[in-house]
Amino acid sequence: MSSDIPPTMRAWQYSQATGGLEANLVLKDHVHVPTLSPRVGDNELLIEVLSASINPSDYKVAELPLNLGRAVVRTPATPAWDFCGRVVKTTNTVDNFRVGEIVFGRLPPTRQGACGQYIVASATACASLPSGVGVDEAASIPCAGLTAYQTIAPNVKPGDKVFLNGGSGGVGSFGVQIAKALGCHVTVSCSAAKAEQCKALGADDIIDYTAVDVCQALRERGQVFKLCVDNVGLPAELYKAGDDYLLPDGKFVQVGGPMSLAAVSSTMSRLLRPSFLGGGKRKFQLYTLMGDQHQDLTILGQMVTEGKIKPVVEHAYDFEDVPTAFKDLRKGKTHGKLVIHVSDKKA
């Protein structure tokens with residue numbers, strides 16, 4: 001390891017998630033700094049994290065029932081998979097990033113997450129920090145921005161009507177802006193308290209889920225929607241109701257939802273139950289991160305630079321306040337992204 005890279009770092013870690021991830025996080029001062037892969041052909045970057053962004057998947061995976069979380073991510077583990085940071089070392093095969101460059105990107109589920117001072121990331125899941133984009137803004141983009149872009153962009157054309165179930169959270173706030181930038185008419189569900197925010201982002205139509213039955217409100221609009229992106233997972237009958245609000249060639253994309261066994265069973269039913277057995281008739285997709293993340297992150301960064309989308313950072317937390325950040329995230333009341341200042345160094 002280079003002389004200017006310390007052998008150890010500070011990192012938040014958990015060994016179990018019983019009682020909630022945030023209740024099990026411990027700040028450790030002497031965690032080994034991860035090392036680059038020695039395998040030839042692995043395009044990896046060692047990155048000093050400046051800011052990290054957290055997502056519900058960070059705690060949902062850790063808290064999977066039947067200890068499944070430990071099967072996905074070995075413990076002790078450090079949470080947070082979205083980041084913006086400075087490249088301090090690369091493998092020999094990396095030719096599109098240089099040491100000292102500021103990049104942002106997304107880690108796969110890993111035990112060495114961005115709530116630690118150093119991470120190893122694949123060069124294929126990073127992009128250069130665009131001109132005029134702040135570190136906190138960039139850190140907030142990867143998971144939510146990629147999810148919104150990949151669920152909307154391949155499925156619409158200008159003039160299409162899109163329904164986003166959950167328009168005010170991290171994915172929803174990006175989704176509204178991306179859909180509008182692509183020329184779509186956008187309807188969202190949100191609470192009355194978040195309606196003005198969603199309208200400010202570009203939403204054309206609001207369904208207040210606290211005041212009306214979302215499925216019935218959609219049925220009353222008729223079969224007009226080309227796409228429904230479900231960022232919430234509720235109400236449970238939203239997909240089946242799509243027979244009445246989605247166009248015959250419309251599509252339903254499932255993104256978010258609880259991680260309980262009952263919720264997983266409901267999702268599998270949506271995916272596998274044929275219409276003649278009571279399932280929905282419209283095309284169903286269970287979203288997973290896909291394709292060229294470097295290319296899509298670059299596109300998103302350019303959209304921010306051009307003013308087509310603006311990351312909504314609700315709050316930035318000091319590194320010592322990571323458990324508080326996760327506690328606030330779990331409340332499900334955020335109207336944007338929550339960011340962690342991992343380093344006080346300037347970009």
# chains A, B, ... in the order shown; residues from 1 in each chain; ligands from 1
$ select_by_dssp --residues "segment 186-314 of chain A" --states "helix (DSSP H, G or I)" --output "JSON, numbers by chain"
{"A": [192, 193, 194, 195, 196, 197, 198, 199, 200, 201, 214, 215, 216, 217, 218, 219, 220, 221, 238, 239, 240, 241, 242, 243, 244, 245, 261, 262, 263, 264, 265, 266, 267, 268, 269, 270, 271, 272, 275, 276, 277, 293, 294, 295, 296, 297, 298, 299, 300, 301, 302, 303, 304, 305]}
$ residues_around --residues "Gly113 of chain A" --least-positions-apart "5" --cutoff "10 Å" --atoms "only C-alpha atoms" --output "ChimeraX atom specification"
/A:11-13,49,52,58,77-83,106-108,118-121
$ closest_residue --among "A:Leu129, A:Leu50, A:Met9, A:Ile299" --to "Val31 of chain A" --atoms "only C-alpha atoms"
A:Met9
$ closest_residue --among "A:Arg74, A:Lys60, A:Arg330, A:Arg86" --to "Val135 of chain A" --atoms "only C-alpha atoms"
A:Arg86
$ residues_around --residues "Val162 of chain A" --least-positions-apart "5" --cutoff "8 Å" --atoms "only C-alpha atoms" --output "PyMOL selection string"
chain A and resi 179+184-187+225-229
$ write_last_selection --atoms "all heavy atoms" --output "PDB file, in the first residue's frame"
ATOM      1  N   ALA A 179     -38.694  11.679 -15.898  1.00  0.00           N
ATOM      2  CA  ALA A 179     -39.849  11.479 -16.775  1.00  0.00           C
ATOM      3  C   ALA A 179     -40.223  12.776 -17.488  1.00  0.00           C
ATOM      4  O   ALA A 179     -40.550  12.771 -18.684  1.00  0.00           O
ATOM      5  CB  ALA A 179     -41.032  10.947 -15.971  1.00  0.00           C
ATOM      6  N   CYS A 184     -42.633  13.236 -20.741  1.00  0.00           N
ATOM      7  CA  CYS A 184     -43.824  12.515 -20.289  1.00  0.00           C
ATOM      8  C   CYS A 184     -44.732  13.388 -19.431  1.00  0.00           C
ATOM      9  O   CYS A 184     -44.295  14.373 -18.825  1.00  0.00           O
ATOM     10  CB  CYS A 184     -43.413  11.283 -19.472  1.00  0.00           C
ATOM     11  SG  CYS A 184     -42.488  10.057 -20.414  1.00  0.00           S
ATOM     12  N   HIS A 185     -46.000  12.991 -19.366  1.00  0.00           N
ATOM     13  CA  HIS A 185     -46.959  13.538 -18.401  1.00  0.00           C
ATOM     14  C   HIS A 185     -46.853  12.662 -17.155  1.00  0.00           C
ATOM     15  O   HIS A 185     -46.916  11.430 -17.243  1.00  0.00           O
ATOM     16  CB  HIS A 185     -48.375  13.477 -18.974  1.00  0.00           C
ATOM     17  CG  HIS A 185     -49.433  13.990 -18.045  1.00  0.00           C
ATOM     18  ND1 HIS A 185     -49.926  13.250 -16.975  1.00  0.00           N
ATOM     19  CD2 HIS A 185     -50.115  15.170 -18.030  1.00  0.00           C
ATOM     20  CE1 HIS A 185     -50.847  13.950 -16.357  1.00  0.00           C
ATOM     21  NE2 HIS A 185     -50.984  15.125 -16.963  1.00  0.00           N
ATOM     22  N   VAL A 186     -46.674  13.290 -15.983  1.00  0.00           N
ATOM     23  CA  VAL A 186     -46.343  12.541 -14.772  1.00  0.00           C
ATOM     24  C   VAL A 186     -47.411  12.709 -13.699  1.00  0.00           C
ATOM     25  O   VAL A 186     -47.725  13.824 -13.282  1.00  0.00           O
ATOM     26  CB  VAL A 186     -44.980  12.982 -14.201  1.00  0.00           C
ATOM     27  CG1 VAL A 186     -44.627  12.151 -12.966  1.00  0.00           C
ATOM     28  CG2 VAL A 186     -43.888  12.846 -15.259  1.00  0.00           C
ATOM     29  N   THR A 187     -47.948  11.577 -13.258  1.00  0.00           N
ATOM     30  CA  THR A 187     -48.837  11.519 -12.093  1.00  0.00           C
ATOM     31  C   THR A 187     -48.095  10.808 -10.978  1.00  0.00           C
ATOM     32  O   THR A 187     -47.429   9.790 -11.219  1.00  0.00           O
ATOM     33  CB  THR A 187     -50.133  10.754 -12.428  1.00  0.00           C
ATOM     34  OG1 THR A 187     -50.830  11.436 -13.474  1.00  0.00           O
ATOM     35  CG2 THR A 187     -51.032  10.640 -11.209  1.00  0.00           C
ATOM     36  N   PHE A 225     -52.229   5.119 -18.886  1.00  0.00           N
ATOM     37  CA  PHE A 225     -50.822   5.147 -18.488  1.00  0.00           C
ATOM     38  C   PHE A 225     -50.004   4.111 -19.255  1.00  0.00           C
ATOM     39  O   PHE A 225     -50.372   2.946 -19.354  1.00  0.00           O
ATOM     40  CB  PHE A 225     -50.682   4.909 -16.982  1.00  0.00           C
ATOM     41  CG  PHE A 225     -51.245   6.011 -16.137  1.00  0.00           C
ATOM     42  CD1 PHE A 225     -52.526   5.922 -15.610  1.00  0.00           C
ATOM     43  CD2 PHE A 225     -50.500   7.153 -15.888  1.00  0.00           C
ATOM     44  CE1 PHE A 225     -53.062   6.946 -14.847  1.00  0.00           C
ATOM     45  CE2 PHE A 225     -51.024   8.189 -15.119  1.00  0.00           C
ATOM     46  CZ  PHE A 225     -52.313   8.078 -14.599  1.00  0.00           C
ATOM     47  N   LYS A 226     -48.885   4.559 -19.748  1.00  0.00           N
ATOM     48  CA  LYS A 226     -47.946   3.663 -20.427  1.00  0.00           C
ATOM     49  C   LYS A 226     -47.095   2.899 -19.425  1.00  0.00           C
ATOM     50  O   LYS A 226     -46.654   1.777 -19.681  1.00  0.00           O
ATOM     51  CB  LYS A 226     -47.031   4.488 -21.347  1.00  0.00           C
ATOM     52  CG  LYS A 226     -45.981   3.690 -22.098  1.00  0.00           C
ATOM     53  CD  LYS A 226     -46.602   2.785 -23.143  1.00  0.00           C
ATOM     54  CE  LYS A 226     -45.507   2.137 -24.002  1.00  0.00           C
ATOM     55  NZ  LYS A 226     -46.096   1.286 -25.053  1.00  0.00           N
ATOM     56  N   LEU A 227     -46.861   3.503 -18.258  1.00  0.00           N
ATOM     57  CA  LEU A 227     -45.927   2.931 -17.288  1.00  0.00           C
ATOM     58  C   LEU A 227     -46.366   3.260 -15.871  1.00  0.00           C
ATOM     59  O   LEU A 227     -46.783   4.386 -15.586  1.00  0.00           O
ATOM     60  CB  LEU A 227     -44.523   3.497 -17.526  1.00  0.00           C
ATOM     61  CG  LEU A 227     -43.415   3.091 -16.559  1.00  0.00           C
ATOM     62  CD1 LEU A 227     -43.084   1.602 -16.711  1.00  0.00           C
ATOM     63  CD2 LEU A 227     -42.161   3.932 -16.786  1.00  0.00           C
ATOM     64  N   CYS A 228     -46.261   2.258 -14.997  1.00  0.00           N
ATOM     65  CA  CYS A 228     -46.379   2.468 -13.548  1.00  0.00           C
ATOM     66  C   CYS A 228     -45.090   1.980 -12.909  1.00  0.00           C
ATOM     67  O   CYS A 228     -44.680   0.844 -13.116  1.00  0.00           O
ATOM     68  CB  CYS A 228     -47.568   1.708 -12.970  1.00  0.00           C
ATOM     69  SG  CYS A 228     -47.596   1.683 -11.138  1.00  0.00           S
ATOM     70  N   VAL A 229     -44.451   2.851 -12.148  1.00  0.00           N
ATOM     71  CA  VAL A 229     -43.278   2.473 -11.366  1.00  0.00           C
ATOM     72  C   VAL A 229     -43.673   2.504  -9.900  1.00  0.00           C
ATOM     73  O   VAL A 229     -44.037   3.557  -9.366  1.00  0.00           O
ATOM     74  CB  VAL A 229     -42.088   3.420 -11.616  1.00  0.00           C
ATOM     75  CG1 VAL A 229     -40.896   2.989 -10.764  1.00  0.00           C
ATOM     76  CG2 VAL A 229     -41.706   3.424 -13.095  1.00  0.00           C
TER      77      VAL A 229
END
$ closest_residue --among "A:Asn92, A:Gln150, A:Asp244, A:Gln197" --to "Leu286 of chain A" --atoms "only C-alpha atoms"
A:Gln150
$ select_by_dssp --residues "segment 124-203 of chain A" --states "strand (DSSP E or B)" --output "MDAnalysis selection string"
chainID A and resid 126:128 161:165 185:190
$ closest_atom_pairs --of "segment 141-192 of chain A" --to "segment 313-329 of chain A" --cutoff "10 Å" --atoms "only C-alpha atoms" --output "CSV"
residue,atom,partner,partner_atom,distance
A:Ile141,CA,A:Val313,CA,9.7
A:Gly169,CA,A:Glu314,CA,9.9
A:Gly170,CA,A:Val313,CA,8.7
$ closest_residue --among "A:Gln16, A:Thr75, A:Gln117, A:Gln293" --to "Leu146 of chain A" --atoms "only C-alpha atoms"
A:Gln293
$ atom_distance --atom1 "atom CA of Asp230 of chain A" --atom2 "atom CA of Val253 of chain A"
6.1 Å
$ atom_distance --atom1 "atom CA of Phe97 of chain A" --atom2 "atom CA of Pro109 of chain A"
22.8 Å
$ residues_around --residues "Gln216 of chain A" --least-positions-apart "6" --cutoff "12 Å" --atoms "only C-alpha atoms" --output "PyMOL selection string"
chain A and resi 207-209+222+235+237-238+240-245
$ atom_distance --atom1 "atom CA of Ala139 of chain A" --atom2 "atom CA of Ser51 of chain A"
6.1 Å
